[in-house]
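The structure under discussion appears below in the form of structure tokens.
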Amino acid sequence: MPELALTAQRNTSSADARWGLVRLHPKALAALGLQPGDGVTLIGTRRTAAVVAAFTPAHRVGAAADPTKVALLDEVTLGNARVREGSEVRIEPAVEAPAQRISLTGSALATTHIPEATLRQALLGKVVTAGDTVTLLPRDLRPNEPWSVISPSVARKALSGLGIAWTSEVLTVTGTHPNGPVTILPSTSVVWDTGAALSDIPQSQFEQTAPAGPALQERPMSPAPMTAVAVADLAGVQAQAAKLTEWLNLALDEPELLKTLGATSQLGVLVTGPAGVGKATLVRAVAGQRRLVELDGPSTGAREAGARLNEVHRVVGEICSGAGGILLITDVDALLPAEAEPVATMILDQLRAAVASPAVAMIATTSNAVGVDPRLRGPDLCDREVSLPLPTGRVRAALLEQLLRKAPADELKLDEIGARTPGFVVSDLAALVREAALRAAARASREHSEPKLRQQDLAGALEVIRPLSRSGSAELAVGNLSLDDVGDMTETKQALTEAVLWPLQHPDSFARLGIEPPRGVLLYGPPGCGKTFLVRALAGSGQLSVHAVKGAELMDKWVGSSERAVRELFQRARDSAPSLIFLDEVDALAPRRGQSSDSGVSDRVVAALLTELDGVEPLRDVVVVGATNRPELIDPALTRPGRLERMVFVPPPDAAARAEILRTAAKSVPLAKDVNLRKLAQGLDGYSAADCSALLREAALAAMRRDVDAADVTAADVAAARAAVRPSLDPMQVESLRLYAEQRVPGPAGTAEGYV
């Protein structure tokens, strides 16, 4: 069996964090005869197994390392193999068997609240051995398997009822059958370890598939209430807590006041907000010493219809007996989805009986308000609603302070971390704190010092942890870019600052002046002139979360799929505000209506986009930026006021801008003294920003051709590169775009008025 000895490096990609994954160079994969998604055995201080994948452009190794001799391991895999970063790890193909049964241990919270069917969904596709540590983060990395059509989002939705807990939960595999590396499949029986050894279980049980229905029925679906936090510790939701407290006091403690006024004392409340924002935590805190009975929506909703109704009947009977109290239903959209089944009518009847009972209040939570059966909002059920917003930067800093108040730490700048975490909710911040603690613990172990959290630990954790709202979408690499790193383009940068950053940074000024901020901006200009780079710099300056998508990526041949993709894109942006939606090549997404031959798909997508931009649901703290080099092809309705109303021309770089671009690109290139970048820039008419960067790259290659050990790039190398790299700008297209800019807003050519 082939085997490679490689150097272990930590995988810093946030998309791979804590999944149990090994990434290898394609040449290393070929040498081992592996395909992405195969299982591998890792031999360090301990023998373990994991899933293998190939490097992507987003994965980087040390500058001095040979990528073909490096294995990128996430923190879970490093721990399972018992290897340190920089040490040797041997890798060979794994002889993995389908897991018939595995057992795990976890925290009391996990074993009590996570059904075994949900546990199997979260671990699906992972390759494990007995003694391994695994997390609940689901991800589909085995595209060749027939069961890979099962979306990881199913597990995420089922686990979201745990609030902040599931993203940081760590489990231990206590046993597998058969022994050795095994793959967790839909047929695997995944059980919590109750102390019985796997060898004590009859062999016939291994030959059965996982019993989805009965397994759920073996565990009570109404978990014991978790320890509540104090209402005073609920940062950012004090107004919602006060309103909910007032309603509970009137309905449960002083019902005679309502009866005197001729009103009933029944209370049903729907608490909405993004996943992980702390909806159930708010209810538990407000409940205080009152009796609280919980019904887990995802766990109960996963049952067959009869068992679902029986569980609801049991819980309603429990809350209505005795002294009453509060019935909390978490993630009610999983129990009562909008696409109602016949059993939903009977479940709603049970809930009506609970709400009508004296001294009983019902509170339901959901992160998908539009996905709930509309009958739940009836006057005899949840006739009141409380909405929890995303935490602001100041609130995130306060939440971090609460999470870290018992941790030994140096002086931490939590305001800075709060500003750098747009879109993070409480569960995301908890995962961030845990990752920072892992870094601090590793340092203390390495240096034999007292464990203490530092600012660098939190900053490093930001490179790994992604907010839940962006867990299923691609990220635009922003890094440490800001608008100050963009050479020249003074007028363009000022226009973008006014249209994008001011509404997010100074909303009080817009309110004081009585005006609505712009909804969006359209960047247009010749290809290669830095439109995407400008968006990255803009996001870095404003500390925004960026949702980037190319226009054609949203197009789908199935009816309704493209419109749904547009809605989901905007919903993700709302859930991670303040955020920026970047629509690259927007002319492919929103062409002029009535001129396409695609059965009306483009027209419906344009309508969906216009509805999201200025529809009933407002875009708060979300700015849309489109980019194109063919503005005349875009539907005119998209550029009307209230939509992409600001049109910013990104002109080709002039001599001064080209000099600035060359200086930026040459920061890492050792240039000889005879290379004059200013003089070089003056002779590059027709070169775009991309052409200038390509010129220096080609010059470095010319130096290597001259001498593979060359220490610098000379003027002769640059001259040779100029012969190979020709200008890509089309003079006719540039002139056409310049005329288009001047026609949009009259103004002297070459000024901001002519461009914006």
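Residues in the structure tokens are named by chain (A, B, ... in the order shown) and by number from 1 within that chain; ligands are numbered from 1 in the order shown.
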
Taking the backbone alone, and naming residues the way the document does, which bits of region 214-307 of chain A are strand (DSSP E) by DSSP, as a PyMOL selection string? chain A and resi 267-272+292-296

Write out as a ChimeraX atom specification the residues lying within 7 Å of Leu662 (chain A), counting only C-alpha atoms and excluding same-chain residues fewer than 4 positions away. /A:658,666,677,692-693

Which of these, A:Ala340, A:Ala8, A:Val433, A:Val360, has the shortest distance to Gln455 (chain A) once you count only C-alpha atoms? A:Val433

Would you pick out the contacts of Thr245 (chain A) at 12 Å or less, using only C-alpha atoms, so that residues sharing its chain but fewer than 2 positions from it are not included, and give the list as a list of chain:residue names? A:Val231, A:Gln238, A:Ala239, A:Gln240, A:Ala241, A:Ala242, A:Lys243, A:Trp247, A:Leu248, A:Asn249, A:Leu250, A:Ala251, A:Leu252, A:Asp253, A:Leu267, A:Val269, A:Leu282, A:Val283, A:Arg284, A:Ala285, A:Val286, A:Ala287, A:Gly288, A:Arg290, A:Ala361, A:Val386

How about saving the chosen residues, N, CA and C atoms kept, as a compact mmCIF listing (two decimals), in the first residue's frame?
```txt
# COMPACT_ATOMS: atom_id res chain seq x y z
N VAL A 231 -31.78 37.97 33.30
CA VAL A 231 -32.30 38.91 32.31
C VAL A 231 -31.33 40.07 32.12
N GLN A 238 -32.91 43.93 25.66
CA GLN A 238 -33.60 44.33 26.89
C GLN A 238 -35.03 44.77 26.61
N ALA A 239 -35.25 45.46 25.49
CA ALA A 239 -36.60 45.92 25.16
C ALA A 239 -37.52 44.73 24.92
N GLN A 240 -37.03 43.72 24.19
CA GLN A 240 -37.85 42.52 23.94
C GLN A 240 -38.11 41.76 25.24
N ALA A 241 -37.10 41.69 26.11
CA ALA A 241 -37.27 41.01 27.38
C ALA A 241 -38.30 41.72 28.25
N ALA A 242 -38.27 43.05 28.26
CA ALA A 242 -39.24 43.82 29.06
C ALA A 242 -40.66 43.60 28.55
N LYS A 243 -40.83 43.58 27.21
CA LYS A 243 -42.16 43.38 26.64
C LYS A 243 -42.68 41.98 26.98
N TRP A 247 -46.04 40.90 29.34
CA TRP A 247 -47.12 40.02 28.88
C TRP A 247 -47.30 38.83 29.81
N LEU A 248 -46.19 38.22 30.25
CA LEU A 248 -46.28 37.07 31.14
C LEU A 248 -46.86 37.45 32.50
N ASN A 249 -46.47 38.62 33.00
CA ASN A 249 -46.99 39.07 34.29
C ASN A 249 -48.50 39.26 34.23
N LEU A 250 -48.99 39.88 33.15
CA LEU A 250 -50.43 40.12 33.03
C LEU A 250 -51.20 38.82 32.84
N ALA A 251 -50.68 37.92 31.99
CA ALA A 251 -51.41 36.70 31.67
C ALA A 251 -51.37 35.67 32.79
N LEU A 252 -50.25 35.56 33.49
CA LEU A 252 -50.08 34.50 34.49
C LEU A 252 -50.24 34.99 35.93
N ASP A 253 -49.82 36.22 36.20
CA ASP A 253 -49.82 36.70 37.59
C ASP A 253 -51.02 37.60 37.91
N LEU A 267 -52.33 33.75 26.38
CA LEU A 267 -51.12 34.36 25.80
C LEU A 267 -50.40 33.35 24.92
N VAL A 269 -47.18 33.63 22.03
CA VAL A 269 -46.19 34.55 21.46
C VAL A 269 -45.29 33.78 20.50
N LEU A 282 -33.60 33.80 25.64
CA LEU A 282 -34.43 34.91 26.11
C LEU A 282 -35.64 34.40 26.87
N VAL A 283 -36.32 33.40 26.33
CA VAL A 283 -37.53 32.88 26.98
C VAL A 283 -37.18 32.27 28.33
N ARG A 284 -36.11 31.49 28.38
CA ARG A 284 -35.73 30.86 29.65
C ARG A 284 -35.37 31.91 30.70
N ALA A 285 -34.71 32.98 30.26
CA ALA A 285 -34.33 34.03 31.21
C ALA A 285 -35.56 34.75 31.75
N VAL A 286 -36.49 35.07 30.85
CA VAL A 286 -37.70 35.80 31.26
C VAL A 286 -38.60 34.91 32.12
N ALA A 287 -38.59 33.60 31.85
CA ALA A 287 -39.44 32.69 32.63
C ALA A 287 -39.09 32.73 34.11
N GLY A 288 -37.82 32.93 34.43
CA GLY A 288 -37.41 33.02 35.82
C GLY A 288 -37.74 31.76 36.60
N ARG A 290 -40.75 30.58 37.06
CA ARG A 290 -41.99 29.95 36.60
C ARG A 290 -41.70 28.55 36.06
N ALA A 361 -49.20 29.82 29.35
CA ALA A 361 -48.77 30.65 28.22
C ALA A 361 -47.94 29.79 27.28
N VAL A 386 -42.58 38.76 18.89
CA VAL A 386 -41.38 39.49 19.34
C VAL A 386 -40.25 39.12 18.38
```

For the atom pair CA of Ser265 (chain A) and CA of Pro358 (chain A), what is the interatomic distance in Å to one decimal place?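 Between CA of Ser265 (chain A) and CA of Pro358 (chain A) the gap works out to 7.9 Å.
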
Within 12 Å of Leu295 (chain A), counting only C-alpha atoms, which residues show up once you throw out same-chain ones fewer than 3 positions away? Write them as an MDAnalysis selection string, please. chainID A and resid 113 161 220:225 280 292 298:301 308 311:316 318:319 326:332 334:335 351 362:365
